[in-house]
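Engineer: Dropping in start31.txt, with compact mmCIF, C-alpha atoms.
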```
# COMPACT_ATOMS: atom_id res chain seq x y z
CA MET A 87 -63.57 -80.69 -33.74
CA PRO A 88 -64.77 -77.73 -31.62
CA THR A 89 -64.81 -74.34 -33.34
CA GLN A 90 -63.23 -71.18 -31.96
CA SER A 91 -66.68 -69.86 -31.07
CA ASP A 92 -67.37 -73.06 -29.10
CA ILE A 93 -64.19 -72.51 -27.07
CA HIS A 94 -65.08 -68.85 -26.48
CA GLY A 95 -68.55 -69.86 -25.31
CA LYS A 96 -67.13 -72.39 -22.85
CA LEU A 97 -64.58 -69.87 -21.64
CA ALA A 98 -67.28 -67.30 -20.94
CA ILE A 99 -69.22 -69.80 -18.81
CA LEU A 100 -66.32 -71.48 -17.01
CA ALA A 101 -64.33 -68.32 -16.31
CA ASP A 102 -67.42 -66.69 -14.83
CA ALA A 103 -68.09 -69.78 -12.71
CA ALA A 104 -64.54 -69.63 -11.30
CA LYS A 105 -64.91 -66.08 -9.98
CA TYR A 106 -66.31 -67.26 -6.65
CA ASP A 107 -63.02 -68.87 -5.62
CA ALA A 108 -60.72 -66.34 -3.91
CA SER A 109 -57.86 -68.69 -3.04
CA CYS A 110 -55.61 -68.10 -6.02
CA ALA A 111 -52.70 -65.96 -4.83
CA SER A 112 -49.57 -67.07 -6.69
CA SER A 113 -46.77 -66.58 -4.22
CA GLY A 114 -44.00 -68.66 -2.78
CA SER A 115 -43.00 -70.90 -5.67
CA LYS A 116 -39.35 -71.59 -6.48
CA ARG A 117 -39.77 -73.75 -9.59
CA GLU A 118 -36.77 -73.68 -11.93
CA SER A 119 -37.66 -72.02 -15.25
CA LYS A 120 -34.44 -72.48 -17.22
CA GLY A 121 -35.07 -74.15 -20.57
CA GLY A 122 -38.84 -73.99 -20.34
CA LEU A 123 -41.71 -71.66 -21.03
CA GLY A 124 -43.18 -69.37 -18.41
CA SER A 125 -42.10 -68.01 -15.08
CA THR A 126 -43.42 -67.85 -11.55
CA GLU A 127 -41.92 -64.33 -11.15
CA GLY A 128 -43.47 -61.45 -11.67
CA MET A 129 -62.31 -62.99 -19.85
CA GLY A 130 -60.69 -65.77 -17.48
CA ILE A 131 -57.82 -63.64 -16.32
CA CYS A 132 -57.59 -62.80 -12.63
CA HIS A 133 -55.09 -60.62 -10.86
CA SER A 134 -53.49 -61.92 -7.68
CA TYR A 135 -51.01 -60.32 -5.35
CA THR A 136 -47.76 -61.66 -3.92
CA PRO A 137 -46.55 -60.75 -0.40
CA ASP A 138 -44.17 -58.11 -1.81
CA GLY A 139 -47.04 -56.36 -3.58
CA ARG A 140 -46.45 -57.60 -7.15
CA CYS A 141 -49.52 -58.18 -9.28
CA VAL A 142 -49.52 -61.37 -11.34
CA SER A 143 -52.05 -62.65 -13.85
CA LEU A 144 -53.54 -66.15 -13.92
CA LEU A 145 -55.92 -67.87 -16.28
CA LYS A 146 -58.64 -68.77 -13.78
CA ILE A 147 -61.20 -71.28 -15.01
CA LEU A 148 -63.14 -74.41 -14.17
CA LEU A 149 -62.57 -77.61 -16.08
CA THR A 150 -66.34 -77.98 -15.90
CA ASN A 151 -69.23 -76.52 -13.95
CA HIS A 152 -71.19 -79.76 -14.10
CA CYS A 153 -71.33 -81.21 -10.58
CA ILE A 154 -72.85 -84.23 -8.88
CA TYR A 155 -73.01 -82.42 -5.51
CA ASP A 156 -75.88 -80.24 -4.33
CA CYS A 157 -74.13 -77.71 -2.06
CA GLN A 158 -76.87 -75.14 -1.49
CA TYR A 159 -74.55 -72.09 -1.52
CA CYS A 160 -72.97 -73.02 -4.88
CA VAL A 161 -74.26 -71.71 -8.20
CA ASN A 162 -72.93 -74.88 -9.89
CA ARG A 163 -74.84 -77.34 -7.67
CA ILE A 164 -76.61 -80.18 -9.47
CA SER A 165 -80.06 -78.67 -8.83
CA SER A 166 -79.11 -75.29 -10.33
CA ASP A 167 -80.31 -74.34 -13.82
CA THR A 168 -77.12 -72.43 -14.66
CA PRO A 169 -75.72 -72.92 -18.21
CA ARG A 170 -73.23 -75.80 -18.28
CA ALA A 171 -69.97 -76.32 -20.14
CA ARG A 172 -66.95 -78.59 -20.04
CA PHE A 173 -63.40 -78.33 -21.33
CA THR A 174 -61.24 -81.28 -22.26
CA PRO A 175 -57.72 -81.32 -20.76
CA ASP A 176 -56.28 -80.59 -24.22
CA GLN A 177 -58.47 -77.50 -24.57
CA VAL A 178 -57.32 -76.12 -21.20
CA VAL A 179 -53.69 -76.76 -22.16
CA LYS A 180 -54.13 -74.96 -25.48
CA LEU A 181 -55.89 -72.01 -23.85
CA THR A 182 -53.16 -71.70 -21.23
CA MET A 183 -50.36 -71.76 -23.79
CA ASP A 184 -52.16 -69.36 -26.13
CA PHE A 185 -52.77 -66.89 -23.32
CA TYR A 186 -49.19 -67.24 -22.10
CA ARG A 187 -47.65 -66.70 -25.55
CA ARG A 188 -49.71 -63.52 -25.88
CA ASN A 189 -48.25 -62.39 -22.54
CA TYR A 190 -51.73 -62.23 -20.97
CA ILE A 191 -50.96 -64.60 -18.07
CA GLU A 192 -48.15 -66.00 -15.97
CA GLY A 193 -49.90 -69.12 -14.76
CA LEU A 194 -53.06 -71.21 -14.38
CA PHE A 195 -55.62 -71.57 -11.60
CA LEU A 196 -57.76 -74.64 -12.33
CA SER A 197 -60.76 -75.85 -10.36
CA SER A 198 -63.72 -77.98 -11.32
CA GLY A 199 -67.14 -79.22 -10.47
CA ILE A 200 -67.21 -82.93 -9.71
CA ILE A 201 -68.17 -85.24 -12.57
CA GLN A 202 -68.60 -89.04 -12.38
CA ASP A 203 -66.66 -89.16 -9.10
CA SER A 204 -63.85 -87.40 -7.25
CA ASP A 205 -61.04 -89.60 -8.59
CA TYR A 206 -62.10 -89.18 -12.22
CA THR A 207 -62.31 -85.39 -11.86
CA MET A 208 -58.97 -85.15 -10.06
CA GLY A 209 -57.41 -87.31 -12.77
CA GLN A 210 -58.65 -84.96 -15.49
CA MET A 211 -57.15 -81.96 -13.70
CA ILE A 212 -53.84 -83.77 -13.21
CA GLU A 213 -53.78 -84.53 -16.92
CA VAL A 214 -53.92 -80.78 -17.63
CA ALA A 215 -50.96 -80.11 -15.34
CA ARG A 216 -49.01 -83.09 -16.68
CA LYS A 217 -49.43 -82.04 -20.30
CA LEU A 218 -48.37 -78.48 -19.48
CA ARG A 219 -45.25 -79.61 -17.65
CA GLU A 220 -44.17 -82.57 -19.75
CA ASP A 221 -45.54 -81.93 -23.24
CA GLU A 222 -45.36 -78.12 -23.33
CA ASN A 223 -42.39 -77.72 -20.96
CA PHE A 224 -44.36 -75.01 -19.16
CA ARG A 225 -42.66 -73.72 -16.00
CA GLY A 226 -45.17 -71.06 -15.04
CA TYR A 227 -47.30 -71.12 -11.92
CA ILE A 228 -49.98 -73.83 -11.61
CA HIS A 229 -52.55 -73.91 -8.83
CA LEU A 230 -54.88 -76.93 -8.74
CA LYS A 231 -57.96 -77.18 -6.59
CA THR A 232 -57.95 -80.56 -4.86
CA ILE A 233 -61.20 -82.49 -5.19
CA PRO A 234 -62.75 -83.74 -1.91
CA ASN A 235 -62.49 -87.52 -1.44
CA ALA A 236 -59.81 -87.92 -4.16
CA ALA A 237 -57.43 -90.83 -3.57
CA ASP A 238 -54.12 -90.16 -1.81
CA ASP A 239 -52.05 -91.27 -4.79
CA LEU A 240 -53.85 -88.78 -7.03
CA ILE A 241 -53.18 -85.95 -4.56
CA GLU A 242 -49.50 -86.91 -4.47
CA THR A 243 -49.33 -86.93 -8.26
CA ALA A 244 -51.03 -83.52 -8.42
CA GLY A 245 -48.47 -82.14 -5.99
CA LYS A 246 -45.61 -83.09 -8.30
CA PHE A 247 -46.97 -80.92 -11.11
CA ALA A 248 -48.63 -78.07 -9.21
CA ASP A 249 -46.97 -75.20 -7.39
CA ARG A 250 -49.89 -74.95 -5.01
CA LEU A 251 -52.79 -77.21 -4.06
CA SER A 252 -55.88 -76.10 -2.21
CA ILE A 253 -58.92 -77.83 -0.86
CA ASN A 254 -61.75 -75.64 0.35
CA ILE A 255 -63.00 -76.09 3.89
CA GLU A 256 -66.10 -74.35 2.46
CA LEU A 257 -67.92 -73.32 5.67
CA PRO A 258 -66.68 -72.44 9.17
CA THR A 259 -68.22 -75.26 11.22
CA VAL A 260 -69.09 -78.92 10.90
CA GLY A 261 -72.72 -78.01 11.53
CA ASP A 262 -72.69 -75.54 8.64
CA LEU A 263 -71.41 -78.23 6.27
CA LYS A 264 -73.97 -80.73 7.49
CA THR A 265 -76.77 -78.24 6.83
CA LEU A 266 -75.76 -76.84 3.44
CA ALA A 267 -73.31 -79.38 1.95
CA PRO A 268 -73.99 -82.78 3.52
CA GLU A 269 -71.97 -84.64 0.85
CA LYS A 270 -68.79 -82.91 2.04
CA LYS A 271 -67.30 -84.14 5.29
CA ARG A 272 -64.92 -82.06 7.38
CA PRO A 273 -62.76 -85.05 8.47
CA THR A 274 -62.32 -86.09 4.82
CA ILE A 275 -61.29 -82.58 3.79
CA GLU A 276 -58.81 -82.30 6.66
CA ARG A 277 -57.40 -85.74 5.91
CA SER A 278 -56.51 -84.56 2.42
CA MET A 279 -54.90 -81.43 3.87
CA ASP A 280 -52.89 -83.54 6.27
CA ARG A 281 -51.72 -85.83 3.46
CA ILE A 282 -50.41 -82.82 1.55
CA ARG A 283 -48.65 -81.52 4.67
CA VAL A 284 -47.02 -84.88 5.44
CA LYS A 285 -45.82 -85.40 1.86
CA ARG A 286 -44.47 -81.86 1.69
CA ASP A 287 -42.62 -82.32 5.00
CA GLU A 288 -41.14 -85.60 3.73
CA THR A 289 -39.93 -83.96 0.53
CA LEU A 290 -38.35 -81.02 2.35
CA ALA A 291 -36.65 -83.39 4.81
CA ASP A 292 -35.24 -85.49 1.94
CA ARG A 293 -33.86 -82.37 0.27
CA LYS A 294 -32.20 -81.23 3.49
CA ARG A 295 -30.46 -84.61 3.63
CA GLY A 296 -29.09 -84.00 0.15
CA MET A 297 -31.43 -86.35 -1.68
CA LYS A 298 -32.72 -85.37 -5.15
CA ALA A 299 -36.39 -85.39 -4.27
CA SER A 300 -38.83 -83.98 -6.80
CA ALA A 301 -40.53 -80.73 -5.81
CA PHE A 302 -43.87 -81.25 -4.09
CA VAL A 303 -46.27 -78.29 -3.84
CA PRO A 304 -43.41 -75.76 -3.41
CA ALA A 305 -45.88 -72.91 -2.76
CA GLY A 306 -47.75 -74.88 -0.08
CA GLN A 307 -51.49 -75.29 0.29
CA SER A 308 -54.38 -72.94 0.98
CA THR A 309 -58.10 -73.09 1.65
CA GLN A 310 -61.18 -70.88 1.52
CA MET A 311 -64.16 -70.24 3.77
CA ILE A 312 -67.43 -68.66 2.71
CA VAL A 313 -68.41 -65.79 5.00
CA GLY A 314 -72.02 -64.86 5.66
CA ALA A 315 -73.83 -67.88 4.21
CA THR A 316 -74.57 -69.17 7.72
CA PRO A 317 -75.05 -67.57 11.15
CA SER A 318 -71.52 -68.62 12.20
CA THR A 319 -69.70 -65.75 13.90
CA ASP A 320 -66.29 -64.27 13.23
CA ALA A 321 -65.14 -66.04 16.39
CA ASP A 322 -66.11 -69.38 14.77
CA ILE A 323 -64.37 -68.43 11.52
CA LEU A 324 -61.11 -67.33 13.19
CA ASP A 325 -61.08 -70.39 15.47
CA THR A 326 -61.38 -72.68 12.44
CA ALA A 327 -58.68 -70.76 10.55
CA SER A 328 -56.30 -70.87 13.52
CA THR A 329 -56.85 -74.62 13.93
CA LEU A 330 -56.14 -75.22 10.23
CA TYR A 331 -52.95 -73.15 10.31
CA ASP A 332 -51.65 -75.09 13.31
CA ALA A 333 -52.69 -78.56 12.15
CA HIS A 334 -51.89 -78.39 8.43
CA GLN A 335 -49.35 -75.57 8.01
CA LEU A 336 -51.50 -73.77 5.46
CA ARG A 337 -49.98 -70.85 3.60
CA ARG A 338 -53.26 -68.92 3.52
CA VAL A 339 -56.88 -69.11 4.53
CA TYR A 340 -59.00 -67.03 2.17
CA TYR A 341 -62.34 -65.49 3.15
CA SER A 342 -64.99 -65.13 0.46
CA ALA A 343 -68.14 -63.12 1.15
CA TYR A 344 -71.25 -65.10 0.30
CA SER A 345 -72.85 -63.98 -2.93
CA PRO A 346 -76.60 -64.64 -3.33
CA ILE A 347 -77.40 -67.01 -6.17
CA PRO A 348 -80.57 -67.56 -8.23
CA HIS A 349 -83.21 -69.91 -6.77
CA ALA A 350 -81.26 -70.19 -3.53
CA ASP A 351 -82.26 -72.38 -0.61
CA ALA A 352 -84.54 -70.58 1.85
CA ARG A 353 -81.94 -71.09 4.60
CA LEU A 354 -79.49 -68.82 2.79
CA PRO A 355 -79.47 -65.05 3.36
CA GLY A 356 -80.92 -62.82 0.68
CA LYS A 357 -77.93 -60.48 0.51
CA SER A 358 -74.16 -60.52 0.84
CA PRO A 359 -72.48 -59.56 4.12
CA PRO A 360 -70.85 -56.10 4.11
CA LEU A 361 -67.52 -56.11 2.28
CA VAL A 362 -65.87 -54.59 5.35
CA ARG A 363 -66.50 -57.84 7.26
CA GLU A 364 -64.29 -59.75 4.82
CA HIS A 365 -61.74 -56.92 5.14
CA ARG A 366 -61.68 -57.22 8.96
CA LEU A 367 -61.27 -61.00 8.78
CA TYR A 368 -58.16 -60.61 6.61
CA GLN A 369 -56.75 -58.12 9.12
CA ALA A 370 -57.49 -60.46 12.02
CA ASP A 371 -55.97 -63.38 10.11
CA TRP A 372 -52.77 -61.37 9.66
CA LEU A 373 -52.66 -60.62 13.40
CA ILE A 374 -52.89 -64.33 14.17
CA ARG A 375 -50.19 -65.37 11.69
CA PHE A 376 -47.64 -62.59 12.08
CA TYR A 377 -48.38 -60.46 15.14
CA GLY A 378 -48.59 -63.08 17.88
CA PHE A 379 -52.32 -62.81 18.60
CA ASP A 380 -54.47 -65.79 19.50
CA ALA A 381 -57.81 -66.10 17.72
CA GLU A 382 -59.79 -65.88 20.96
CA GLU A 383 -58.21 -62.51 21.81
CA LEU A 384 -59.79 -60.78 18.84
CA THR A 385 -63.43 -61.29 19.84
CA THR A 386 -65.21 -61.53 23.18
CA GLY A 387 -67.98 -63.61 24.67
CA GLU A 388 -70.31 -60.64 24.33
CA ALA A 389 -69.13 -59.56 20.87
CA LYS A 390 -68.37 -62.62 18.77
CA ASN A 391 -68.08 -60.62 15.54
CA LEU A 392 -65.27 -58.20 14.72
CA ASP A 393 -65.97 -54.49 15.06
CA LEU A 394 -66.75 -53.16 11.57
CA GLU A 395 -65.88 -49.55 12.46
CA ILE A 396 -62.30 -50.05 13.65
CA ASP A 397 -59.55 -52.56 12.85
CA PRO A 398 -59.17 -55.59 15.14
CA LYS A 399 -55.85 -54.49 16.65
CA LEU A 400 -57.24 -51.12 17.73
CA ALA A 401 -60.36 -52.85 19.07
CA TRP A 402 -58.15 -55.20 21.13
CA ALA A 403 -56.02 -52.32 22.47
CA LEU A 404 -59.09 -50.36 23.55
CA ARG A 405 -60.41 -53.43 25.40
CA ASN A 406 -57.02 -53.89 27.10
CA ARG A 407 -56.07 -50.33 28.02
CA GLU A 408 -54.50 -51.50 31.28
CA GLN A 409 -51.55 -52.87 29.24
CA PHE A 410 -50.71 -49.39 27.95
CA PRO A 411 -48.94 -47.01 27.60
CA ILE A 412 -45.69 -48.83 26.82
CA ASP A 413 -42.23 -47.28 26.59
CA VAL A 414 -41.13 -47.34 22.96
CA ASN A 415 -37.49 -47.45 24.10
CA LEU A 416 -37.93 -50.49 26.36
CA ALA A 417 -40.85 -52.58 25.08
CA PRO A 418 -40.06 -55.95 23.42
CA ARG A 419 -40.93 -56.52 19.77
CA GLU A 420 -43.95 -58.67 20.73
CA MET A 421 -45.52 -55.76 22.58
CA LEU A 422 -44.64 -53.17 19.96
CA LEU A 423 -46.55 -55.25 17.42
CA ARG A 424 -49.66 -54.95 19.60
CA VAL A 425 -49.66 -51.17 19.42
CA PRO A 426 -52.24 -49.82 16.93
CA GLY A 427 -50.48 -48.18 14.01
CA ILE A 428 -47.21 -50.12 14.36
CA GLY A 429 -46.70 -52.83 11.77
CA GLU A 430 -43.86 -55.27 11.24
CA ARG A 431 -41.72 -52.74 9.37
CA GLY A 432 -42.37 -50.06 11.99
CA ALA A 433 -41.42 -52.39 14.84
CA LYS A 434 -38.21 -53.35 13.06
CA ARG A 435 -37.27 -49.69 12.53
CA ILE A 436 -37.98 -48.86 16.19
CA LEU A 437 -35.73 -51.68 17.38
CA ARG A 438 -32.97 -50.61 14.99
CA THR A 439 -33.23 -46.90 15.85
CA ARG A 440 -33.21 -47.27 19.64
CA ARG A 441 -29.88 -49.13 19.51
CA HIS A 442 -28.29 -45.82 18.55
CA HIS A 443 -30.29 -43.25 20.50
CA ALA A 444 -33.40 -42.84 22.61
CA ILE A 445 -36.49 -42.42 20.47
CA ARG A 446 -38.21 -39.08 20.86
CA ASP A 447 -41.70 -38.14 19.77
CA GLU A 448 -40.50 -36.53 16.54
CA ASP A 449 -38.66 -39.74 15.60
CA LEU A 450 -41.93 -41.71 15.44
CA VAL A 451 -43.11 -39.81 12.38
CA ARG A 452 -39.84 -40.44 10.53
CA ILE A 453 -39.89 -44.13 11.46
CA GLY A 454 -43.07 -44.53 9.46
CA ILE A 455 -45.72 -45.66 11.94
CA VAL A 456 -49.30 -44.35 11.95
CA TYR A 457 -48.51 -41.63 14.47
CA LYS A 458 -52.02 -40.46 15.31
CA LYS A 459 -53.18 -44.00 16.04
CA ALA A 460 -50.09 -45.11 17.99
CA ARG A 461 -49.46 -41.92 20.04
CA PRO A 462 -51.94 -42.51 22.92
CA PHE A 463 -50.44 -45.95 23.58
CA LEU A 464 -46.75 -44.96 23.70
CA ILE A 465 -44.23 -43.26 25.98
CA THR A 466 -41.18 -41.71 24.29
CA ALA A 467 -37.98 -40.17 25.66
CA ASP A 468 -39.53 -36.70 25.73
CA ARG A 469 -43.23 -37.44 26.21
CA HIS A 470 -45.29 -39.43 28.67
CA ALA A 471 -48.81 -40.35 27.69
CA GLU A 472 -51.18 -37.49 28.53
CA PRO A 473 -53.02 -37.84 31.82
CA LEU A 474 -56.28 -39.76 31.44
CA THR A 475 -55.88 -40.09 27.63
CA LEU A 476 -56.18 -43.86 27.70
CA ASP A 477 -59.18 -43.65 30.02
CA SER A 478 -60.96 -41.10 27.87
CA VAL A 479 -64.39 -42.25 26.76
CA GLY A 480 -63.88 -40.35 23.51
CA LEU A 481 -60.62 -42.11 22.56
CA ARG A 482 -62.36 -44.62 20.31
CA ASP A 483 -64.16 -41.90 18.38
CA ARG A 484 -60.95 -39.89 17.95
CA LEU A 485 -59.08 -42.89 16.56
CA LYS A 486 -61.91 -44.26 14.45
CA PRO A 487 -61.31 -43.56 10.75
CA LYS A 488 -63.69 -41.29 8.94
CA ASN A 489 -66.62 -43.04 7.28
CA VAL A 490 -65.61 -43.81 3.71
CA GLN A 491 -66.92 -46.32 1.17
CA LEU A 492 -64.67 -49.40 1.29
CA SER A 493 -63.50 -50.17 -2.22
CA LEU A 494 -62.76 -53.53 -3.76
CA PHE A 495 -59.10 -52.55 -3.84
CA ASP A 496 -59.03 -52.11 -0.05
CA ALA A 497 -60.14 -55.70 0.37
CA LEU A 498 -57.64 -56.90 -2.23
CA GLU A 499 -54.82 -55.10 -0.40
CA SER A 500 -55.76 -56.73 2.89
CA ALA A 501 -55.88 -60.12 1.20
CA ALA A 502 -52.39 -59.52 -0.18
CA THR A 503 -50.63 -57.77 2.70
CA GLY A 504 -52.83 -58.01 5.80
CA GLN A 505 -50.96 -55.06 7.33
CA VAL A 506 -52.76 -53.58 10.36
```
Have the structure of the file written as structure tokens, please.
Structural biologist:
Amino acid sequence: MPTQSDIHGKLAILADAAKYDASCASSGSKRESKGGLGSTEGMGICHSYTPDGRCVSLLKILLTNHCIYDCQYCVNRISSDTPRARFTPDQVVKLTMDFYRRNYIEGLFLSSGIIQDSDYTMGQMIEVARKLREDENFRGYIHLKTIPNAADDLIETAGKFADRLSINIELPTVGDLKTLAPEKKRPTIERSMDRIRVKRDETLADRKRGMKASAFVPAGQSTQMIVGATPSTDADILDTASTLYDAHQLRRVYYSAYSPIPHADARLPGKSPPLVREHRLYQADWLIRFYGFDAEELTTGEAKNLDLEIDPKLAWALRNREQFPIDVNLAPREMLLRVPGIGERGAKRILRTRRHHAIRDEDLVRIGIVYKKARPFLITADRHAEPLTLDSVGLRDRLKPKNVQLSLFDALESAATGQV
């Protein structure tokens, strides 16, 4: 019988080992909570953000950090000398319920190293979710990390208990995987993603026909890519993300800056990429998903990485000055969303306001757009763009934000909202 100190020791190791996984936002679930414990509203505890800005707490741990794989970028690889620990399913269930009853958490994010084989590990994780749902009547949020190569029937079973499933694509290109994680195959990973998508589509279709189909991954699926572990460019990363969104209907792609690990392979860089690179990728990702941009528009053949000094929408606008200025009283929504400083809410307010009267320059400030950034690209009822403003060589410097230290919270906000 393990002692409390044993559990605390395991928690210290396995919570720390889970910190490298960024894909744990707990949004989009509609699981019924009546008559059960927990809710999807609202050391080992992580804070994630929902699309409406709410902060929720999850117990974020690994079932074990033992692993049979030797992925060179991973601190838990088989050749690493990191301290090892392993929870039983019952111990994870008890921890989750204890944390929940103390009001520390609202859900569980569970991942694992691979032990014995993929099916055995996936089965152990499913047992945690099953016990929480069926034995403890827990109705809080559960996010399970899908194990590569796990059997289809195990993935389907996991989807019945979990609100969200995710399987990490790990690295941006097939070549990157072959170099640093040869045991993991891109086609196998994508096949699992596709199986989740197909089963989710089937369940939603059955429900629309009035059938009483059990919920299957109601919060969808996500994935994560490591940024900066290989020479792959932002163009490569965004192309892979765009392909995954289109092919598998992912809810989110998360970008995790590579963190150097002890005794790393010589092919890995000795330091992390700048945090602002991860920040720009989240902004670009948001442009692709919600602003109508194609991935290839955000970089160029000459500059395959995003500009670290200015956001990707402003960078695009400066490269395409011939498309501006646009008339704020006539431009369609799709074009308004391409103006630097105008987000989704700003575009909606512009469309609503101009139904009642022509928008003047003073109205832009009240509407809530970033006036200084948007002004050079817009014509209003009482102001045409200044002569030669768009052609000014100093426009970029005038619009570039002042140099400030990017904080962790800036990156977290972009991960949660993506607003540009």
Engineer: Restricting the calculation to only C-alpha atoms, which member of A:Asn391, A:Asn254, A:Thr150, A:Thr466 is positioned closest to Thr174 in chain A?
Structural biologist: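 Between A:Asn391, A:Asn254, A:Thr150, A:Thr466, the residue approaching Thr174 in chain A most closely is A:Thr150.
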Engineer: Can you pull out every residue within 12 Å of Trp402 in chain A, counting all atoms listed in the file, but drop anything in the same chain fewer than 3 positions away, and send it as a list in words?
Structural biologist: Ala370, Leu373, Phe379, Asp380, Ala381, Glu382, Glu383, Leu384, Thr385, Thr386, Ala389, Leu392, Asp393, Ile396, Asp397, Pro398, Lys399, Arg405, Asn406, Arg407, Glu408, Gln409, Phe410, Arg424, Val425, Pro426 and Arg482 of chain A
Engineer: May I ask which of the residues A:Phe247, A:Phe224, A:Phe185, A:Phe173 is the closest one to Gly199 in chain A, counting only C-alpha atoms?
Structural biologist: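 For Gly199 in chain A, the nearest of the candidates is A:Phe173.
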Engineer: Can you work out which one of A:Leu423, A:Met211, A:Ala315, A:Val456 has the shortest atom-to-atom distance to Cys160 in chain A, counting all atoms listed in the file?
Structural biologist: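 Of the candidates, the smallest distance to Cys160 in chain A is held by A:Ala315.
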Engineer: Output as a tab-separated table one row per residue of range 332-373 of chain A within 12 Å of range 154-157 of chain A: the closest atom pair and its distance in Å to one decimal place, counting only C-alpha atoms, sorted by chain and residue number ascending.
Structural biologist:
```
residue	atom	partner	partner_atom	distance
A:Ile347	CA	A:Cys157	CA	11.9
A:Ala350	CA	A:Cys157	CA	10.5
A:Asp351	CA	A:Cys157	CA	9.8
A:Leu354	CA	A:Cys157	CA	11.5
```
Engineer: Please indicate the distance in Å from CA of Lys357 in chain A to CA of Thr319 in chain A, rounded to one decimal place.
Structural biologist: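 These two atoms are separated by 16.6 Å.
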Engineer: Ranking A:Arg375, A:Tyr186, A:Leu367, A:Thr265 by minimum distance to Asp332 in chain A and counting all atoms listed in the file, which one comes first?
Structural biologist: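 Closest to Asp332 in chain A of all the choices is A:Arg375.
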Engineer: Need the shell around Leu240 in chain A: protein/DNA/RNA residues with any atom at most 9 Å away, counting only C-alpha atoms. Skip same-chain ones fewer than 4 positions apart. Format as a list in words?
Structural biologist: Asp205, Met208, Gly209, Ile212, Ala236, Ala244 and Gly245 of chain A
Engineer: At what distance in Å, to one decimal, does CA of Ile436 in chain A lie from CA of Asp449 in chain A?
Structural biologist: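 A separation of 9.2 Å between them.
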Engineer: Quick one: distance from CA of Ser328 in chain A to CA of Tyr368 in chain A in Å, one decimal?
Structural biologist: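 So the answer is 12.5 Å.
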Engineer: Name the residues in contact with Ser358 in chain A at a cut-off of 7 Å, using all atoms listed in the file, excluding same-chain residues fewer than 6 positions from it; report them as a PDB file with C-alpha atoms, in the frame of the given file.
Structural biologist:
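Output file result_10.pdb follows:
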```
ATOM      1  CA  GLY A 314     -72.020 -64.860   5.660  1.00  0.00           C
ATOM      2  CA  ALA A 343     -68.140 -63.120   1.150  1.00  0.00           C
ATOM      3  CA  TYR A 344     -71.250 -65.100   0.300  1.00  0.00           C
ATOM      4  CA  SER A 345     -72.850 -63.980  -2.930  1.00  0.00           C
ATOM      5  CA  PRO A 346     -76.600 -64.640  -3.330  1.00  0.00           C
TER       6      PRO A 346
END
```
Engineer: Could you write out as AutoDock Vina command-line options the box around range 440-445 of chain A (axis-aligned, all atoms listed in the file, 6 Å on each side), with centre and edge lengths in Å to one decimal?
Structural biologist:
```
--center_x -32.4 --center_y -45.8 --center_z 20.6 --size_x 20.2 --size_y 18.7 --size_z 16.1
```
Engineer: List the spatial neighbours of Gln335 in chain A as a PyMOL selection string - criterion: any atom at most 9 Å away, all atoms listed in the file, same-chain residues fewer than 5 positions off excluded.
Structural biologist: chain A and resi 280+283+306-307+330
